[in-house]
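Trainee: For reference, the file run-v8.tsv (TSV, C-alpha atoms) is included below:
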```
chain	number	residue	atom	x	y	z
A	391	MET	CA	18.24	-48.59	21.68
A	392	ARG	CA	14.68	-47.76	22.69
A	393	THR	CA	15.94	-45.69	25.62
A	394	THR	CA	18.24	-43.71	23.31
A	395	ILE	CA	15.38	-42.91	20.92
A	396	LEU	CA	13.11	-41.72	23.73
A	397	PHE	CA	15.88	-39.50	25.14
A	398	ALA	CA	16.53	-37.97	21.71
A	399	ALA	CA	12.83	-37.25	21.28
A	400	PHE	CA	12.70	-35.59	24.71
A	401	VAL	CA	15.67	-33.36	23.89
A	402	ALA	CA	14.15	-32.36	20.56
A	403	THR	CA	10.85	-31.30	22.12
A	404	SER	CA	12.58	-29.51	25.00
A	405	VAL	CA	14.62	-27.13	22.85
A	406	PRO	CA	12.71	-23.81	22.59
A	407	CYS	CA	11.75	-22.54	19.15
A	408	ALA	CA	13.75	-19.59	17.87
A	409	THR	CA	12.07	-16.38	19.04
A	410	GLN	CA	11.20	-13.58	16.63
A	411	GLN	CA	13.82	-10.84	16.55
A	412	TRP	CA	13.40	-7.21	15.60
A	413	GLY	CA	15.22	-4.49	13.71
A	414	THR	CA	14.94	-0.98	12.29
A	415	ILE	CA	14.66	0.50	8.80
A	416	LYS	CA	15.52	4.10	8.06
A	417	GLY	CA	16.47	6.40	5.22
A	418	GLN	CA	15.99	9.82	3.66
A	419	VAL	CA	14.14	10.80	0.49
A	420	VAL	CA	15.92	13.66	-1.30
A	421	TRP	CA	15.26	15.84	-4.34
A	422	THR	CA	18.03	15.53	-6.91
A	423	GLY	CA	17.08	18.39	-9.20
A	424	ASN	CA	18.92	21.68	-9.59
A	425	GLY	CA	17.00	24.00	-7.31
A	426	VAL	CA	13.67	23.47	-5.60
A	427	PRO	CA	10.57	23.85	-7.80
A	428	ALA	CA	8.64	27.02	-7.11
A	429	ALA	CA	5.52	26.56	-5.02
A	430	LYS	CA	2.36	26.76	-7.09
A	431	VAL	CA	-0.16	29.41	-6.07
A	432	LEU	CA	-3.62	27.94	-6.38
A	433	VAL	CA	-6.81	29.59	-7.58
A	434	ALA	CA	-8.72	29.87	-4.33
A	435	ALA	CA	-11.77	32.04	-5.00
A	436	GLY	CA	-13.90	32.50	-1.93
A	437	CYS	CA	-11.35	31.00	0.43
A	438	PRO	CA	-10.88	32.89	3.73
A	439	ALA	CA	-7.12	32.36	3.80
A	440	PRO	CA	-4.92	35.19	5.15
A	441	GLY	CA	-2.78	35.10	2.02
A	442	PRO	CA	-2.22	33.18	-1.24
A	443	VAL	CA	-3.09	29.50	-1.04
A	444	VAL	CA	0.08	27.61	-1.98
A	445	GLY	CA	-0.08	24.01	-3.19
A	446	ASN	CA	1.30	21.38	-0.80
A	447	ALA	CA	1.49	18.33	-3.08
A	448	LEU	CA	5.29	18.58	-3.33
A	449	GLU	CA	7.13	19.79	-0.24
A	450	ILE	CA	10.93	20.00	-0.50
A	451	ASN	CA	13.17	21.40	2.21
A	452	PRO	CA	15.47	23.95	0.49
A	453	LYS	CA	18.14	23.47	3.19
A	454	ASN	CA	18.77	19.77	2.66
A	455	GLN	CA	16.58	18.77	-0.34
A	456	GLY	CA	14.54	16.44	1.89
A	457	VAL	CA	11.11	15.48	0.51
A	458	ALA	CA	8.17	15.30	2.90
A	459	ASN	CA	5.04	13.14	2.71
A	460	VAL	CA	6.51	10.00	1.16
A	461	ALA	CA	4.68	6.95	2.48
A	462	VAL	CA	6.88	3.99	3.44
A	463	TRP	CA	5.55	0.60	4.54
A	464	LEU	CA	6.42	-3.09	4.78
A	465	VAL	CA	4.51	-6.03	3.31
A	466	PRO	CA	5.11	-9.71	4.17
A	467	VAL	CA	6.29	-11.92	1.33
A	468	ASN	CA	4.27	-14.83	-0.06
A	469	GLY	CA	1.14	-13.85	1.86
A	470	ALA	CA	2.73	-14.58	5.23
A	471	LYS	CA	1.29	-13.09	8.43
A	472	MET	CA	3.10	-10.01	9.71
A	473	PRO	CA	4.72	-10.61	13.12
A	474	ILE	CA	4.05	-7.69	15.46
A	475	HIS	CA	6.25	-6.66	18.36
A	476	PRO	CA	4.36	-7.06	21.69
A	477	LYS	CA	4.67	-3.37	22.54
A	478	LEU	CA	3.04	-2.46	19.22
A	479	ALA	CA	0.21	-4.99	19.43
A	480	ALA	CA	-2.42	-2.52	20.66
A	481	ILE	CA	-4.07	-0.40	17.98
A	482	PRO	CA	-3.69	3.33	18.83
A	483	ASN	CA	-6.87	4.80	20.27
A	484	LYS	CA	-5.73	8.39	19.74
A	485	ALA	CA	-7.39	9.82	16.66
A	486	ALA	CA	-5.35	11.05	13.72
A	487	ILE	CA	-6.62	14.50	12.71
A	488	ILE	CA	-6.84	16.14	9.30
A	489	ASP	CA	-7.95	19.78	9.22
A	490	GLN	CA	-9.04	22.23	6.51
A	491	PRO	CA	-8.23	25.66	7.97
A	492	CYS	CA	-7.24	27.51	4.79
A	493	CYS	CA	-8.67	25.54	1.86
A	494	LEU	CA	-6.02	22.80	2.02
A	495	PHE	CA	-6.01	19.44	3.77
A	496	GLU	CA	-3.46	19.63	6.58
A	497	PRO	CA	-1.63	17.33	6.73
A	498	ARG	CA	-1.98	16.48	3.07
A	499	VAL	CA	-0.87	12.86	3.59
A	500	THR	CA	-1.88	10.74	6.60
A	501	ILE	CA	-1.01	7.15	7.53
A	502	ILE	CA	-2.98	5.28	10.17
A	503	ARG	CA	-3.31	1.73	11.37
A	504	GLU	CA	-6.49	-0.18	10.59
A	505	GLY	CA	-8.91	0.39	13.45
A	506	GLN	CA	-7.34	3.67	14.56
A	507	PRO	CA	-9.81	6.58	14.78
A	508	LEU	CA	-9.58	9.33	12.18
A	509	GLU	CA	-11.17	12.78	12.41
A	510	ILE	CA	-11.51	15.25	9.55
A	511	HIS	CA	-12.05	18.74	10.95
A	512	ASN	CA	-13.17	21.98	9.37
A	513	SER	CA	-11.78	24.85	11.43
A	514	SER	CA	-12.42	27.40	8.67
A	515	ARG	CA	-15.36	29.82	8.41
A	516	ILE	CA	-16.85	28.17	5.31
A	517	VAL	CA	-18.31	24.79	4.45
A	518	HIS	CA	-16.06	21.98	3.18
A	519	ASN	CA	-16.50	18.29	2.59
A	520	ALA	CA	-14.21	15.29	2.51
A	521	LEU	CA	-14.66	12.84	-0.35
A	522	LEU	CA	-12.81	9.57	0.34
A	523	VAL	CA	-12.41	7.04	-2.48
A	524	GLY	CA	-10.55	3.75	-2.16
A	525	GLU	CA	-10.83	0.07	-2.98
A	526	ASN	CA	-12.26	-0.80	0.44
A	527	ASN	CA	-13.33	2.64	1.63
A	528	SER	CA	-15.80	4.95	-0.09
A	529	PRO	CA	-17.99	6.35	2.69
A	530	PRO	CA	-20.86	8.72	1.89
A	531	ASN	CA	-19.76	12.17	0.84
A	532	VAL	CA	-21.26	14.70	3.25
A	533	ALA	CA	-20.74	18.38	3.96
A	534	ILE	CA	-18.67	19.43	6.96
A	535	PRO	CA	-19.96	22.79	8.22
A	536	ALA	CA	-17.67	25.49	9.58
A	537	GLY	CA	-16.36	24.36	12.95
A	538	GLY	CA	-17.61	20.81	12.37
A	539	LYS	CA	-15.86	17.49	11.96
A	540	ARG	CA	-16.35	13.99	10.63
A	541	VAL	CA	-15.29	10.99	12.72
A	542	PHE	CA	-14.32	7.51	11.53
A	543	SER	CA	-14.05	5.14	14.49
A	544	GLY	CA	-15.41	1.87	15.82
A	545	ALA	CA	-17.76	0.36	13.26
A	546	THR	CA	-17.02	3.20	10.82
A	547	ALA	CA	-13.21	3.02	11.14
A	548	LEU	CA	-11.43	2.86	7.81
A	549	LYS	CA	-10.37	-0.55	6.48
A	550	ALA	CA	-6.87	-1.44	5.31
A	551	GLU	CA	-6.02	-0.70	1.69
A	552	ARG	CA	-3.26	-1.93	-0.63
A	553	ARG	CA	-2.78	1.64	-1.82
A	554	SER	CA	-3.84	5.08	-0.66
A	555	ILE	CA	-7.36	6.44	-0.34
A	556	SER	CA	-7.79	9.64	-2.34
A	557	LEU	CA	-9.07	12.65	-0.42
A	558	ALA	CA	-10.82	15.58	-2.08
A	559	CYS	CA	-13.18	18.48	-1.41
A	560	ASN	CA	-15.94	18.91	-4.00
A	561	VAL	CA	-16.51	22.50	-2.90
A	562	HIS	CA	-12.92	23.49	-3.71
A	563	SER	CA	-11.52	21.51	-6.62
A	564	TRP	CA	-7.84	22.29	-5.93
A	565	MET	CA	-7.93	20.56	-2.55
A	566	GLY	CA	-6.47	17.05	-2.47
A	567	GLY	CA	-4.78	14.55	-0.20
A	568	GLN	CA	-4.01	10.91	0.51
A	569	ILE	CA	-4.85	8.57	3.39
A	570	TYR	CA	-3.04	5.26	3.90
A	571	VAL	CA	-4.58	2.60	6.13
A	572	ILE	CA	-2.22	-0.27	7.02
A	573	ASP	CA	-3.15	-3.47	8.88
A	574	HIS	CA	0.05	-3.47	10.98
A	575	PRO	CA	2.29	-0.85	12.65
A	576	TYR	CA	5.26	-0.98	10.25
A	577	PHE	CA	4.89	2.21	8.25
A	578	ALA	CA	6.20	5.76	8.25
A	579	LEU	CA	5.81	9.10	6.54
A	580	THR	CA	8.87	11.17	5.67
A	581	ASP	CA	9.19	14.31	7.76
A	582	ALA	CA	10.10	17.85	6.70
A	583	ASN	CA	13.73	16.72	6.23
A	584	GLY	CA	12.79	13.68	4.16
A	585	ASN	CA	13.70	11.26	6.95
A	586	PHE	CA	11.79	8.14	7.92
A	587	GLU	CA	12.31	5.36	10.47
A	588	ILE	CA	10.41	2.16	11.20
A	589	LYS	CA	11.34	0.67	14.58
A	590	ASP	CA	10.75	-2.77	16.12
A	591	ALA	CA	10.11	-4.31	12.71
A	592	PRO	CA	10.32	-8.12	12.49
A	593	SER	CA	13.63	-9.39	11.19
A	594	GLY	CA	13.63	-11.34	7.93
A	595	ASN	CA	12.58	-10.93	4.31
A	596	PHE	CA	9.93	-8.38	3.35
A	597	SER	CA	8.84	-6.11	0.54
A	598	LEU	CA	9.30	-2.38	1.07
A	599	PHE	CA	7.02	0.13	-0.62
A	600	MET	CA	7.80	3.84	-0.99
A	601	ARG	CA	5.33	6.14	-2.70
A	602	HIS	CA	4.92	9.85	-3.31
A	603	GLU	CA	1.58	11.28	-4.38
A	604	ILE	CA	2.96	12.92	-7.54
A	605	ALA	CA	6.21	11.05	-8.24
A	606	GLY	CA	4.79	7.56	-7.70
A	607	TRP	CA	7.00	4.66	-6.61
A	608	LEU	CA	10.46	5.58	-5.32
A	609	HIS	CA	11.78	2.19	-4.27
A	610	THR	CA	14.00	-0.05	-6.40
A	611	PRO	CA	12.97	-1.23	-8.91
A	612	ARG	CA	10.91	1.85	-9.63
A	613	GLU	CA	7.70	1.03	-11.46
A	614	PRO	CA	6.25	4.33	-12.70
A	615	ASN	CA	3.32	2.72	-14.50
A	616	ALA	CA	2.52	0.10	-11.86
A	617	ALA	CA	-0.49	2.03	-10.59
A	618	LYS	CA	-2.09	1.60	-14.03
A	619	THR	CA	-1.84	-2.18	-13.92
A	620	ALA	CA	-4.00	-4.64	-12.02
A	621	GLY	CA	-1.13	-6.02	-9.96
A	622	GLY	CA	0.43	-2.74	-8.98
A	623	SER	CA	3.96	-2.50	-7.67
A	624	LYS	CA	5.71	-5.53	-6.19
A	625	GLY	CA	7.85	-3.43	-3.91
A	626	GLN	CA	11.57	-3.65	-3.12
A	627	PRO	CA	12.93	-6.82	-1.50
A	628	VAL	CA	14.63	-6.03	1.81
A	629	VAL	CA	16.07	-7.99	4.69
A	630	VAL	CA	15.40	-6.49	8.11
A	631	PRO	CA	18.44	-7.30	10.29
A	632	ALA	CA	17.96	-8.79	13.75
A	633	GLY	CA	18.94	-6.29	16.42
A	634	ALA	CA	20.39	-3.88	13.88
A	635	VAL	CA	19.50	-1.10	11.44
A	636	LEU	CA	18.92	-1.36	7.71
A	637	ASP	CA	19.94	2.11	6.51
A	638	LEU	CA	18.77	2.81	2.97
A	639	LYS	CA	20.74	6.09	3.02
A	640	LYS	CA	19.44	8.55	0.42
A	641	VAL	CA	16.54	7.62	-1.85
A	642	ASP	CA	16.31	9.86	-4.91
A	643	LEU	CA	13.25	11.71	-6.11
A	644	LYS	CA	14.33	12.98	-9.53
A	645	PRO	CA	12.71	15.73	-11.61
A	646	GLY	CA	11.81	13.15	-14.27
A	647	PHE	CA	9.63	11.33	-11.75
A	648	LEU	CA	7.19	14.25	-11.82
A	649	ASN	CA	6.48	14.02	-15.56
```
Just give me the structure as structure tokens.
Mentor:
Amino acid sequence: MRTTILFAAFVATSVPCATQQWGTIKGQVVWTGNGVPAAKVLVAAGCPAPGPVVGNALEINPKNQGVANVAVWLVPVNGAKMPIHPKLAAIPNKAAIIDQPCCLFEPRVTIIREGQPLEIHNSSRIVHNALLVGENNSPPNVAIPAGGKRVFSGATALKAERRSISLACNVHSWMGGQIYVIDHPYFALTDANGNFEIKDAPSGNFSLFMRHEIAGWLHTPREPNAAKTAGGSKGQPVVVPAGAVLDLKKVDLKPGFLN
């Protein structure tokens, strides 16, 4: 009997633990209104732009109704630690760049990983600044002279936030933007066609967050007033399939979301 018990214990400790598997999440955010809203021409007194300064808070592709600049990211459930694929373990050392060439932040929305360098440039002929305000990030607000830049890296790199950091220029009140800082690599920003894809995500149960600067939360359930509450949105429960793709298909951004 004793020999049997010892053998069973040996077998139990010799069986390798199940290894983490990985999957993909993708989808497309689309405008469901009749016709694309007209671009808003901004009041841009004193701006050295070659033509009218057109607002970039809502960018919709008229060919396929795809909506750009929707932030998409995963969050572990119940405070668990996010598994990270070995090939994504290293934090990118290439700086993300935001410029201000014609009195707009370009790109308007940026997502980076915590620890990744960020540079805010001013390639225009006039002075700008970049006011960042977040829960964990509110660095001093300083002027960025023409041709200058501001660098956040190393000890000054931006810290992870639950939500976006607001970006503004005090010199030109119409300028605005958003910066997301995530403490893992599982995030995406919809492209000009509204498409997004998150690869090599850990399989299992997670919460998915989808947010547009103007429309708010786009995931299901949609919580339009969540940003006004202390808890914020709880996200959409998803199951990332092992070795497969979770295709969310088309995610609607409806005209009513903009009210």
Trainee: Neighbouring residues of Ala461 of chain A were defined as those with any atom within 10 Å, considering only C-alpha atoms; residues of the same chain fewer than 5 positions away were excluded. Please report them as a list in words.
Mentor: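 The filter keeps Val499, Thr500, Ile501, Ser554, Gln568, Ile569, Tyr570, Phe577, Ala578, Leu579, Thr580, Phe586, Phe599, Met600, Arg601, His602, Glu603, Trp607 and Leu608 of chain A.
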Trainee: Write to file, as a PDB file, keeping the file's coordinate frame, the residues of the selection just made, with C-alpha atoms.
Mentor:
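Contents of result_38.pdb, as written:
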```
ATOM      1  CA  VAL A 499      -0.870  12.860   3.590  1.00  0.00           C
ATOM      2  CA  THR A 500      -1.880  10.740   6.600  1.00  0.00           C
ATOM      3  CA  ILE A 501      -1.010   7.150   7.530  1.00  0.00           C
ATOM      4  CA  SER A 554      -3.840   5.080  -0.660  1.00  0.00           C
ATOM      5  CA  GLN A 568      -4.010  10.910   0.510  1.00  0.00           C
ATOM      6  CA  ILE A 569      -4.850   8.570   3.390  1.00  0.00           C
ATOM      7  CA  TYR A 570      -3.040   5.260   3.900  1.00  0.00           C
ATOM      8  CA  PHE A 577       4.890   2.210   8.250  1.00  0.00           C
ATOM      9  CA  ALA A 578       6.200   5.760   8.250  1.00  0.00           C
ATOM     10  CA  LEU A 579       5.810   9.100   6.540  1.00  0.00           C
ATOM     11  CA  THR A 580       8.870  11.170   5.670  1.00  0.00           C
ATOM     12  CA  PHE A 586      11.790   8.140   7.920  1.00  0.00           C
ATOM     13  CA  PHE A 599       7.020   0.130  -0.620  1.00  0.00           C
ATOM     14  CA  MET A 600       7.800   3.840  -0.990  1.00  0.00           C
ATOM     15  CA  ARG A 601       5.330   6.140  -2.700  1.00  0.00           C
ATOM     16  CA  HIS A 602       4.920   9.850  -3.310  1.00  0.00           C
ATOM     17  CA  GLU A 603       1.580  11.280  -4.380  1.00  0.00           C
ATOM     18  CA  TRP A 607       7.000   4.660  -6.610  1.00  0.00           C
ATOM     19  CA  LEU A 608      10.460   5.580  -5.320  1.00  0.00           C
TER      20      LEU A 608
END
```
Trainee: Would you work out the distance separating atom CA of Ala434 of chain A from atom CA of Gly584 of chain A, expressed in Å to one decimal?
Mentor: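 One can read the atom CA of Ala434 of chain A to atom CA of Gly584 of chain A distance as 28.2 Å.
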Trainee: Return the single residue from A:His609, A:Arg498, A:Lys539, A:Arg553 that is closest to Met565 of chain A, with distances computed using all atoms listed in the file.
Mentor: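 Going through A:His609, A:Arg498, A:Lys539, A:Arg553 one by one, the smallest distance to Met565 of chain A is for A:Arg498.
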Trainee: Could you name the residues that touch Leu464 of chain A at 7 Å or less, counting all atoms listed in the file, but leaving out those on the same chain fewer than 2 positions away, as a CSV table (one decimal) with C-alpha atoms, keeping the file's coordinate frame?
Mentor:
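Final output, around02.csv:
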```csv
chain,number,residue,atom,x,y,z
A,466,PRO,CA,5.1,-9.7,4.2
A,576,TYR,CA,5.3,-1.0,10.2
A,577,PHE,CA,4.9,2.2,8.2
A,596,PHE,CA,9.9,-8.4,3.4
A,597,SER,CA,8.8,-6.1,0.5
A,598,LEU,CA,9.3,-2.4,1.1
A,599,PHE,CA,7.0,0.1,-0.6
```
Trainee: My list of candidates is A:Gly436, A:Gly441, A:Gly413, A:Gly425. Which is closest to Asn454 of chain A when distances are computed with only C-alpha atoms?
Mentor: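 Among A:Gly436, A:Gly441, A:Gly413, A:Gly425, it is A:Gly425 that comes nearest to Asn454 of chain A.
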Trainee: Please indicate the distance in Å from atom CA of Leu508 of chain A to atom CA of Leu522 of chain A, rounded to one decimal place.
Mentor: 12.3 Å
Trainee: Counting only C-alpha atoms, which residues sit no farther than 12 Å from the position (2.6, -12.6, -2.8) in the file's frame? I'd like them as a ChimeraX atom specification.
Mentor: /A:465-471,596-597,621-625,627
Trainee: Can you sort out the box for segment 472-484 of chain A, edges along x, y and z, all listed atoms in, 3 Å on every side, with centre and edge lengths in Å to one decimal, as lines of an AutoDock Vina configuration file?
Mentor:
```
center_x = -0.3
center_y = -1.1
center_z = 16.1
size_x = 19.1
size_y = 25.0
size_z = 18.8
```
Trainee: Excluding segment 488-491 of chain A and any residue of its chain fewer than 6 positions from it, enumerate the residues within 10 Å of it, using all atoms listed in the file, and give them as a VMD selection string.
Mentor: chain A and resid 437 to 439 497 to 500 508 to 520 536 to 537 539 to 540 559 565 567 569
